file target-v6.txt (compact mmCIF, C-alpha atoms)
# COMPACT_ATOMS: atom_id res chain seq x y z
CA ALA A 153 0.00 0.00 0.00
CA ALA A 154 3.05 2.30 -0.47
CA SER A 155 3.12 3.03 3.25
CA ASP A 156 6.33 3.50 5.21
CA LEU A 157 4.66 1.59 8.03
CA LEU A 158 4.55 -1.52 5.86
CA ARG A 159 8.06 -1.20 4.44
CA ASN A 160 9.34 -4.13 6.48
CA ALA A 161 6.15 -6.16 6.61
CA PRO A 162 6.65 -9.90 6.12
CA PRO A 163 6.06 -11.12 2.57
CA ALA A 164 2.72 -12.64 1.69
CA THR A 165 2.54 -16.40 1.86
CA GLU A 166 0.25 -16.70 -1.16
CA ASP A 167 -0.92 -14.59 -4.10
CA ALA A 168 -4.07 -12.52 -3.94
CA PRO A 169 -6.78 -14.18 -6.07
CA LEU A 170 -6.46 -11.59 -8.85
CA ALA A 171 -2.69 -12.14 -9.04
CA ALA A 172 -3.16 -15.89 -9.04
CA ALA A 173 -5.67 -15.55 -11.88
CA LEU A 174 -3.21 -13.50 -13.93
CA ASP A 175 -0.50 -16.07 -13.26
CA ARG A 176 -2.75 -18.89 -14.46
CA ALA A 177 -3.41 -16.90 -17.63
CA GLY A 178 0.33 -16.75 -18.32
CA MET A 179 0.99 -13.13 -17.41
CA VAL A 180 4.60 -12.26 -16.53
CA PHE A 181 4.98 -10.05 -13.46
CA LEU A 182 7.63 -7.34 -13.88
CA GLY A 183 7.36 -5.72 -10.46
CA LYS A 184 5.34 -3.81 -7.89
CA THR A 185 4.47 -0.25 -8.87
CA ASN A 186 4.23 2.82 -6.66
CA LEU A 187 0.98 4.48 -5.60
CA THR A 188 -0.44 7.05 -3.22
CA GLU A 189 -0.19 5.79 0.37
CA PHE A 190 -3.20 3.56 1.11
CA ALA A 191 -4.52 4.57 -2.36
CA PHE A 192 -6.10 7.76 -0.95
CA SER A 193 -5.44 10.52 -3.51
CA GLY A 194 -6.16 11.31 -7.14
CA LEU A 195 -2.81 13.04 -7.72
CA GLY A 196 -0.35 10.23 -7.04
CA LEU A 197 2.12 11.93 -4.70
CA ASN A 198 4.02 9.77 -2.21
CA PRO A 199 6.46 11.15 0.41
CA HIS A 200 7.86 7.74 1.37
CA TYR A 201 8.86 6.15 -1.94
CA GLY A 202 8.91 9.21 -4.21
CA THR A 203 6.40 10.37 -6.78
CA PRO A 204 6.57 8.91 -10.31
CA HIS A 205 6.79 11.80 -12.78
CA ASN A 206 4.37 11.98 -15.66
CA PRO A 207 6.45 10.97 -18.71
CA HIS A 208 4.60 13.34 -21.08
CA ASP A 209 6.57 16.36 -19.79
CA PRO A 210 10.28 15.55 -19.42
CA ALA A 211 11.12 19.17 -18.56
CA THR A 212 8.65 19.88 -15.74
CA PRO A 213 7.72 17.29 -13.10
CA ARG A 214 3.95 16.79 -13.34
CA ALA A 215 1.56 14.64 -11.34
CA PRO A 216 1.04 11.08 -12.56
CA GLY A 217 -2.50 10.90 -11.23
CA GLY A 218 -3.51 8.53 -8.51
CA SER A 219 -3.81 6.49 -6.74
CA SER A 220 -2.40 4.05 -9.31
CA SER A 221 0.47 6.38 -10.18
CA GLY A 222 3.28 3.94 -10.88
CA SER A 223 0.94 1.68 -12.83
CA ALA A 224 0.09 4.49 -15.25
CA VAL A 225 3.64 5.78 -15.59
CA ALA A 226 5.03 2.28 -16.20
CA VAL A 227 2.66 1.81 -19.13
CA ALA A 228 2.94 5.35 -20.49
CA ALA A 229 6.75 5.19 -20.36
CA GLY A 230 6.85 1.87 -22.21
CA ILE A 231 8.20 -0.12 -19.25
CA ALA A 232 5.20 -2.45 -19.29
CA PRO A 233 2.38 -3.06 -21.79
CA CYS A 234 -0.24 -3.02 -19.04
CA ALA A 235 -0.68 -2.67 -15.30
CA ILE A 236 -3.29 -3.24 -12.61
CA GLY A 237 -4.77 -0.62 -10.30
CA SER A 238 -7.61 -0.11 -7.89
CA ASP A 239 -10.36 2.49 -8.32
CA THR A 240 -12.24 3.84 -5.29
CA GLY A 241 -12.81 7.41 -6.45
CA GLY A 242 -11.04 7.45 -9.80
CA SER A 243 -7.73 5.75 -9.09
CA VAL A 244 -7.62 3.87 -12.41
CA ARG A 245 -9.39 6.42 -14.61
CA VAL A 246 -7.56 9.56 -13.39
CA PRO A 247 -3.99 8.27 -13.88
CA SER A 248 -5.07 6.82 -17.23
CA ALA A 249 -6.42 10.25 -18.20
CA PHE A 250 -3.28 12.11 -17.07
CA ASN A 251 -1.03 9.67 -18.97
CA GLY A 252 -2.95 9.15 -22.23
CA LEU A 253 -3.98 5.55 -21.51
CA VAL A 254 -7.11 3.44 -21.63
CA GLY A 255 -8.30 2.71 -18.10
CA TYR A 256 -11.21 0.47 -17.16
CA LYS A 257 -13.10 0.77 -13.85
CA SER A 258 -15.13 -2.37 -13.25
CA SER A 259 -18.42 -2.64 -11.39
CA GLU A 260 -18.24 -3.55 -7.71
CA GLY A 261 -17.71 -7.28 -7.23
CA ARG A 262 -16.83 -8.09 -10.84
CA ILE A 263 -13.15 -8.71 -10.07
CA ASP A 264 -12.14 -10.39 -6.81
CA LYS A 265 -10.42 -7.89 -4.49
CA SER A 266 -9.73 -10.34 -1.65
CA ALA A 267 -6.30 -9.79 -0.09
CA VAL A 268 -5.98 -6.37 -1.74
CA ALA A 269 -5.10 -3.62 0.76
CA PRO A 270 -8.43 -1.87 1.36
CA LEU A 271 -9.34 1.78 1.19
CA SER A 272 -13.13 1.49 1.09
CA VAL A 273 -14.42 -2.07 1.34
CA THR A 274 -17.61 -0.96 -0.43
CA LEU A 275 -16.24 1.26 -3.19
CA ASP A 276 -12.91 -0.44 -4.02
CA THR A 277 -12.80 -1.95 -7.50
CA ILE A 278 -9.99 -3.47 -9.57
CA GLY A 279 -9.16 -2.54 -13.15
CA PRO A 280 -6.46 -2.50 -15.82
CA LEU A 281 -4.50 0.39 -17.29
CA ALA A 282 -3.40 -0.32 -20.85
CA ARG A 283 -2.82 1.10 -24.32
CA SER A 284 -6.01 -0.19 -25.91
CA VAL A 285 -9.56 -1.28 -25.19
CA GLU A 286 -8.68 -4.75 -26.45
CA ASP A 287 -5.97 -5.12 -23.82
CA CYS A 288 -8.43 -4.01 -21.13
CA VAL A 289 -10.94 -6.64 -22.28
CA LEU A 290 -8.27 -9.35 -22.28
CA LEU A 291 -7.08 -8.29 -18.83
CA ASP A 292 -10.66 -8.28 -17.54
CA MET A 293 -10.90 -11.91 -18.68
CA ALA A 294 -7.60 -12.83 -17.06
CA LEU A 295 -8.35 -11.05 -13.78
CA ARG A 296 -11.64 -12.95 -13.49
CA GLY A 297 -10.10 -16.26 -14.47
CA ALA A 298 -12.39 -16.45 -17.51
CA ALA A 299 -11.49 -18.31 -20.70
CA THR A 300 -13.88 -16.28 -22.85
CA THR A 301 -15.65 -12.93 -22.76
CA ASP A 302 -19.19 -11.76 -23.40
CA VAL A 303 -17.90 -8.41 -24.67
CA THR A 304 -18.86 -7.84 -28.30
CA ARG A 305 -17.27 -5.10 -30.39
CA ARG A 306 -19.90 -2.43 -30.96
CA ASP A 307 -19.83 0.19 -33.69
CA ALA A 308 -20.08 3.87 -32.81
CA ARG A 309 -23.06 4.26 -35.14
CA ASP A 310 -25.07 2.15 -32.71
CA LEU A 311 -24.04 4.21 -29.69
CA HIS A 312 -26.80 6.14 -27.94
CA ALA A 313 -25.11 8.40 -25.38
CA PHE A 314 -26.19 11.03 -22.87
CA VAL A 315 -23.96 14.00 -22.00
CA PRO A 316 -24.87 15.31 -18.53
CA GLU A 317 -24.63 19.09 -18.40
CA THR A 318 -24.84 19.27 -14.61
CA TYR A 319 -21.55 19.76 -12.77
CA VAL A 320 -19.24 17.62 -14.93
CA LEU A 321 -18.76 20.29 -17.62
CA ASP A 322 -18.06 23.14 -15.18
CA ASP A 323 -14.64 24.78 -14.90
CA LEU A 324 -12.90 22.70 -17.56
CA ASP A 325 -9.39 23.45 -18.75
CA GLU A 326 -9.74 24.96 -22.22
CA ALA A 327 -8.12 22.01 -23.97
CA VAL A 328 -10.26 19.52 -22.04
CA GLY A 329 -13.43 21.30 -23.18
CA VAL A 330 -12.29 21.73 -26.78
CA ASN A 331 -11.18 18.12 -27.12
CA PHE A 332 -14.36 16.84 -25.50
CA GLU A 333 -16.57 18.75 -27.93
CA ARG A 334 -14.44 17.63 -30.86
CA SER A 335 -14.81 14.02 -29.72
CA LEU A 336 -18.58 14.40 -29.52
CA ASP A 337 -18.65 15.88 -33.03
CA ALA A 338 -16.55 13.01 -34.36
CA LEU A 339 -18.84 10.42 -32.76
CA ALA A 340 -21.92 12.16 -34.12
CA LYS A 341 -20.41 12.20 -37.61
CA ALA A 342 -19.72 8.47 -37.22
CA GLY A 343 -23.45 7.93 -36.61
CA ALA A 344 -23.68 7.98 -32.81
CA THR A 345 -26.74 9.56 -31.23
CA ILE A 346 -25.61 12.17 -28.71
CA GLU A 347 -28.15 13.79 -26.41
CA ARG A 348 -27.50 16.44 -23.77
CA GLY A 349 -29.42 17.45 -20.70
CA PRO A 350 -29.39 18.11 -16.97
CA CYS A 351 -28.56 15.39 -14.46
CA PRO A 352 -30.01 16.56 -11.14
CA LEU A 353 -28.95 13.43 -9.32
CA PHE A 354 -25.34 14.67 -9.50
CA ASP A 355 -26.39 17.65 -7.39
CA GLU A 356 -28.04 15.24 -4.96
CA ILE A 357 -24.80 13.27 -4.63
CA ASN A 358 -22.90 16.45 -3.85
CA ALA A 359 -25.51 17.51 -1.30
CA VAL A 360 -25.44 14.13 0.46
CA THR A 361 -21.65 14.10 0.54
CA ALA A 362 -21.42 17.69 1.78
CA GLU A 363 -23.84 17.01 4.65
CA HIS A 364 -22.87 13.48 5.66
CA GLY A 365 -19.32 12.86 4.39
CA GLY A 366 -18.00 10.03 2.24
CA LEU A 367 -17.94 6.25 2.52
CA SER A 368 -14.23 6.23 1.74
CA ALA A 369 -13.47 8.30 4.86
CA ALA A 370 -15.62 6.12 7.12
CA GLU A 371 -14.34 2.82 5.80
CA SER A 372 -10.68 3.84 5.54
CA TYR A 373 -10.76 5.05 9.14
CA ALA A 374 -12.29 1.73 10.18
CA SER A 375 -9.60 -0.22 8.30
CA TYR A 376 -6.65 1.79 9.64
CA ARG A 377 -7.94 2.94 13.01
CA HIS A 378 -5.21 0.93 14.73
CA LEU A 379 -2.63 3.13 13.00
CA LEU A 380 -4.47 6.44 13.12
CA GLU A 381 -5.05 6.22 16.89
CA GLY A 382 -1.45 5.41 17.79
CA PRO A 383 2.02 6.91 17.41
CA GLU A 384 2.23 5.44 13.91
CA ILE A 385 0.04 8.29 12.64
CA ALA A 386 3.13 10.50 12.50
CA ARG A 387 4.56 8.25 9.79
CA ILE A 388 1.49 8.40 7.52
CA ASP A 389 1.30 11.03 4.76
CA ARG A 390 -0.38 14.02 6.43
CA ARG A 391 -2.59 14.51 3.36
CA VAL A 392 -3.88 10.97 3.65
CA VAL A 393 -4.49 11.41 7.38
CA ALA A 394 -6.53 14.54 6.64
CA ARG A 395 -8.84 12.56 4.35
CA MET A 396 -9.23 9.56 6.68
CA MET A 397 -9.85 11.29 10.01
CA PRO A 398 -13.32 12.72 9.17
CA GLY A 399 -14.47 9.10 9.17
CA LYS A 400 -13.88 8.99 12.93
CA THR A 401 -16.77 11.33 13.69
CA MET A 402 -19.31 10.11 11.13
CA SER A 403 -22.56 9.00 12.74
CA ALA A 404 -24.51 5.83 12.04
CA HIS A 405 -27.24 8.12 10.70
CA SER A 406 -24.85 9.62 8.14
CA LEU A 407 -23.51 6.25 7.08
CA LEU A 408 -27.00 4.82 6.57
CA THR A 409 -28.14 7.95 4.75
CA ILE A 410 -25.25 7.60 2.29
CA GLN A 411 -25.95 3.91 1.71
CA GLN A 412 -29.65 4.54 1.14
CA ALA A 413 -28.91 7.44 -1.22
CA ARG A 414 -26.59 5.25 -3.26
CA ALA A 415 -29.28 2.64 -3.79
CA ARG A 416 -31.93 5.20 -4.69
CA LEU A 417 -29.75 7.28 -7.01
CA ARG A 418 -28.53 4.19 -8.86
CA ARG A 419 -32.15 3.43 -9.69
CA ASP A 420 -32.68 7.06 -10.70
CA LEU A 421 -29.67 6.93 -13.02
CA ALA A 422 -30.95 3.79 -14.75
CA ALA A 423 -34.30 5.51 -15.31
CA LEU A 424 -32.65 8.69 -16.60
CA LEU A 425 -30.38 6.88 -19.04
CA GLY A 426 -33.03 4.50 -20.32
CA GLY A 427 -30.46 2.23 -21.95
CA ARG A 428 -28.10 5.01 -23.00
CA LEU A 429 -24.46 5.28 -21.94
CA MET A 430 -22.88 8.44 -20.52
CA LEU A 431 -20.08 10.58 -21.92
CA MET A 432 -18.16 13.22 -19.96
CA PRO A 433 -14.58 14.47 -19.57
CA THR A 434 -12.69 12.00 -17.37
CA THR A 435 -11.00 14.85 -15.52
CA PRO A 436 -11.68 18.60 -15.83
CA ASN A 437 -7.94 19.29 -16.01
CA THR A 438 -4.70 17.86 -17.31
CA ALA A 439 -1.80 16.78 -15.09
CA PRO A 440 -0.72 19.67 -12.82
CA GLU A 441 2.85 20.50 -11.86
CA ILE A 442 4.06 18.69 -8.75
CA ALA A 443 6.01 21.52 -7.07
CA PRO A 444 2.99 23.71 -6.15
CA LEU A 445 1.19 20.64 -4.79
CA GLU A 446 4.09 19.77 -2.51
CA ALA A 447 4.49 23.37 -1.36
CA ASP A 448 0.89 24.06 -0.32
CA ASP A 449 -1.44 21.50 1.27
CA ALA A 450 -4.46 23.69 0.55
CA GLN A 451 -3.56 23.77 -3.14
CA PHE A 452 -3.04 20.01 -3.03
CA GLY A 453 -6.50 19.56 -1.54
CA ARG A 454 -8.18 21.75 -4.15
CA MET A 455 -6.44 20.07 -7.08
CA ASN A 456 -7.06 16.61 -5.67
CA LEU A 457 -10.79 17.21 -5.40
CA ARG A 458 -10.88 18.84 -8.82
CA GLY A 459 -9.14 15.92 -10.51
CA LEU A 460 -11.47 13.39 -8.86
CA ARG A 461 -14.61 15.47 -9.35
CA ASN A 462 -16.14 13.60 -12.29
CA THR A 463 -14.88 10.11 -11.53
CA LEU A 464 -16.12 10.13 -7.92
CA LEU A 465 -19.67 10.21 -9.24
CA GLY A 466 -19.12 6.86 -10.93
CA ASN A 467 -17.96 5.24 -7.70
CA PHE A 468 -20.94 6.59 -5.79
CA LEU A 469 -23.27 5.20 -8.48
CA ASN A 470 -21.24 2.02 -9.12
CA THR A 471 -20.97 2.76 -12.83
CA PRO A 472 -18.44 0.81 -14.91
CA GLY A 473 -16.38 3.18 -17.03
CA VAL A 474 -13.63 3.33 -19.63
CA ALA A 475 -11.35 6.35 -19.86
CA LEU A 476 -10.04 6.94 -23.39
CA PRO A 477 -7.40 9.45 -24.56
CA ASN A 478 -8.83 12.12 -26.85
CA GLY A 479 -6.09 14.70 -27.42
CA THR A 480 -3.58 16.91 -25.66
CA ASP A 481 -3.31 20.43 -24.31
CA GLU A 482 -0.85 23.17 -25.29
CA ASN A 483 1.87 21.48 -23.19
CA GLY A 484 1.37 18.09 -24.79
CA MET A 485 -0.43 16.73 -21.72
CA PRO A 486 -3.20 14.22 -22.47
CA THR A 487 -6.92 14.81 -22.13
CA SER A 488 -9.49 12.04 -21.78
CA ILE A 489 -13.14 11.16 -22.34
CA LEU A 490 -15.08 8.81 -20.05
CA LEU A 491 -17.67 6.33 -21.29
CA SER A 492 -19.85 4.93 -18.49
CA GLY A 493 -22.96 2.83 -18.00
CA ILE A 494 -25.19 1.55 -15.24
CA ALA A 495 -23.95 -0.89 -12.60
CA ASP A 496 -22.99 -4.36 -13.83
CA ASP A 497 -23.38 -3.43 -17.50
CA ASP A 498 -19.63 -3.75 -18.04
CA GLU A 499 -19.94 -5.76 -21.28
CA THR A 500 -21.94 -2.99 -22.97
CA VAL A 501 -19.53 -0.27 -21.86
CA LEU A 502 -16.46 -2.23 -22.98
CA GLY A 503 -18.14 -3.18 -26.25
CA PHE A 504 -18.91 0.42 -27.19
CA ALA A 505 -15.49 1.55 -25.96
CA TYR A 506 -14.11 -0.33 -28.98
CA GLY A 507 -16.23 1.83 -31.29
CA VAL A 508 -15.39 5.08 -29.50
CA GLU A 509 -11.68 4.26 -29.55
CA ARG A 510 -11.82 3.58 -33.29
CA VAL A 511 -13.50 6.92 -34.02
CA LEU A 512 -11.22 8.95 -31.77
CA GLY A 513 -8.14 7.21 -33.14
CA SER A 514 -9.08 8.21 -36.68
CA ASP A 515 -10.24 11.73 -35.75
call {"tool": "encode", "arguments": {"input": "target-v6.txt", "output": "structure tokens"}}
result
Amino acid sequence: AASDLLRNAPPATEDAPLAAALDRAGMVFLGKTNLTEFAFSGLGLNPHYGTPHNPHDPATPRAPGGSSSGSAVAVAAGIAPCAIGSDTGGSVRVPSAFNGLVGYKSSEGRIDKSAVAPLSVTLDTIGPLARSVEDCVLLDMALRGAATTDVTRRDARDLHAFVPETYVLDDLDEAVGVNFERSLDALAKAGATIERGPCPLFDEINAVTAEHGGLSAAESYASYRHLLEGPEIARIDRRVVARMMPGKTMSAHSLLTIQQARARLRRDLAALLGGRLMLMPTTPNTAPEIAPLEADDAQFGRMNLRGLRNTLLGNFLNTPGVALPNGTDENGMPTSILLSGIADDDETVLGFAYGVERVLGSD
């Protein structure tokens, strides 16, 4: 979990089920990649083992995205063809977006996360970071120990997508907005049906979270209370501590309210989409410079929440999603578009991701 507290922990006596499944599929393990401590940040900084620099800017150190920072950088730098990450609030999709990769967030429970260091036992999901949708589909098979897949390649002309105009299109970097609109135009020209409209349930998610807090804080505090309430807390990244500690004071009422809201809003999303998929920018910004983030915790907090803003919605609603590169900004930093669907409809999302990738690759 990239924690200094676990630096000298005894080695595991057996593989986690997902690693064992990859081994049975013939995957070759190159090494363990870095990440944000306990996977609790969307920026990818780590004070204990160093921060992997985004390889798209060799002159200025920029954030790799997190929490699966080393996974994304290893693939983007050509060290590995693919890597595995976890996604609790965007930790596969955000680093994929910052590094110009394809990242797949699976629905809860699709891929076995037993023996994976937890952040939120409810929200944690496993997913691949790769250079193509095809590799993500193959890795999804391998991670589940499946010999075949139900994913069918779908053409963009059959795509019926909804673009929510509530919240997710606010305060975009110029290049993110321009590239997103260009991607929508390209998909429409390829025959996709693109519809836009409000998505009031996003405002409801924000209201619930603002009043009651987040599941990730409550469940991470529960998992690591033995460290947070002892002298070991001084050795945990202060920025991670700041995100975990609000979970200490959450009431049972707040926790139940969040759980009930999740169930209700998932049903509301299914009704709103009516069989359509969703399209939005994966992140509202491209990879920021690291130095200002290290110098100012308040700036770190603002940029962390901004980078996770759109992807967090998918974890709250348990939507499977595929982040796809769709251009760069003036500094050559990648932008990304996110294709999502309702819970457990992973095959449809992955199938249409093939078609979206083909259109964007030829655009």
call {"tool": "atom_distance", "arguments": {"input": "target-v6.txt", "atom1": "atom CA of A:Ala344", "atom2": "atom CA of A:Leu253"}}
result
22.8 Å
call {"tool": "closest_residue", "arguments": {"input": "target-v6.txt", "among": "A:Met432, A:Leu174, A:Leu490, A:Leu367", "to": "A:Leu271", "atoms": "only C-alpha atoms"}}
result
A:Leu367
call {"tool": "closest_residue", "arguments": {"input": "target-v6.txt", "among": "A:Pro163, A:Gly399, A:Gly343, A:Gly466", "to": "A:Asp276", "atoms": "only C-alpha atoms"}}
result
A:Gly466
call {"tool": "atom_distance", "arguments": {"input": "target-v6.txt", "atom1": "atom CA of A:His208", "atom2": "atom CA of A:Gly473"}}
result
23.7 Å
call {"tool": "closest_residue", "arguments": {"input": "target-v6.txt", "among": "A:Gly217, A:Leu187, A:Phe181, A:Gln411", "to": "A:Pro199", "atoms": "all atoms listed in the file"}}
result
A:Leu187
call {"tool": "atom_distance", "arguments": {"input": "target-v6.txt", "atom1": "atom CA of A:Ser219", "atom2": "atom CA of A:Phe190"}}
result
8.4 Å
call {"tool": "residues_around", "arguments": {"input": "target-v6.txt", "residues": "A:Phe354", "least_positions_apart": "3", "cutoff": "12 Å", "atoms": "all atoms listed in the file", "output": "ChimeraX atom specification"}}
result
/A:316-321,350-351,357-361,413-414,417-418,420-421,424,461-466,468-469
call {"tool": "residues_around", "arguments": {"input": "target-v6.txt", "residues": "A:Asp496", "least_positions_apart": "4", "cutoff": "9 Å", "atoms": "all atoms listed in the file", "output": "PyMOL selection string"}}
result
chain A and resi 258-262+470-472
call {"tool": "closest_residue", "arguments": {"input": "target-v6.txt", "among": "A:Arg214, A:Arg309, A:Arg159, A:Arg348", "to": "A:Ala439", "atoms": "only C-alpha atoms"}}
result
A:Arg214
call {"tool": "closest_residue", "arguments": {"input": "target-v6.txt", "among": "A:Gly503, A:Gly196, A:Pro433, A:Gly222", "to": "A:Thr304", "atoms": "all atoms listed in the file"}}
result
A:Gly503
call {"tool": "residues_near_point", "arguments": {"input": "target-v6.txt", "point": "(-0.4, -17.4, -17.6)", "cutoff": "12 Å", "atoms": "all atoms listed in the file", "output": "PyMOL selection string"}}
result
chain A and resi 171-181+291+293-295+297+299
call {"tool": "closest_residue", "arguments": {"input": "target-v6.txt", "among": "A:Pro233, A:Pro352, A:Gly366, A:Pro440", "to": "A:Leu408", "atoms": "all atoms listed in the file"}}
result
A:Gly366
call {"tool": "closest_atom_pairs", "arguments": {"input": "target-v6.txt", "of": "stretch 289-392 of chain A", "to": "stretch 475-489 of chain A", "cutoff": "7 Å", "atoms": "only C-alpha atoms", "output": "tab-separated table"}}
result
residue	atom	partner	partner_atom	distance
A:Ala327	CA	A:Asp481	CA	5.1
A:Val328	CA	A:Thr487	CA	5.8
A:Asn331	CA	A:Gly479	CA	6.1
A:Phe332	CA	A:Ile489	CA	6.6
A:Ser335	CA	A:Asn478	CA	6.9
call {"tool": "axis_aligned_box", "arguments": {"input": "target-v6.txt", "around": "stretch 220-234 of chain A", "padding_each_side": "4 Å", "output": "lines of an AutoDock Vina configuration file"}}
result
center_x = 2.9
center_y = 1.7
center_z = -15.8
size_x = 18.6
size_y = 17.4
size_z = 20.9
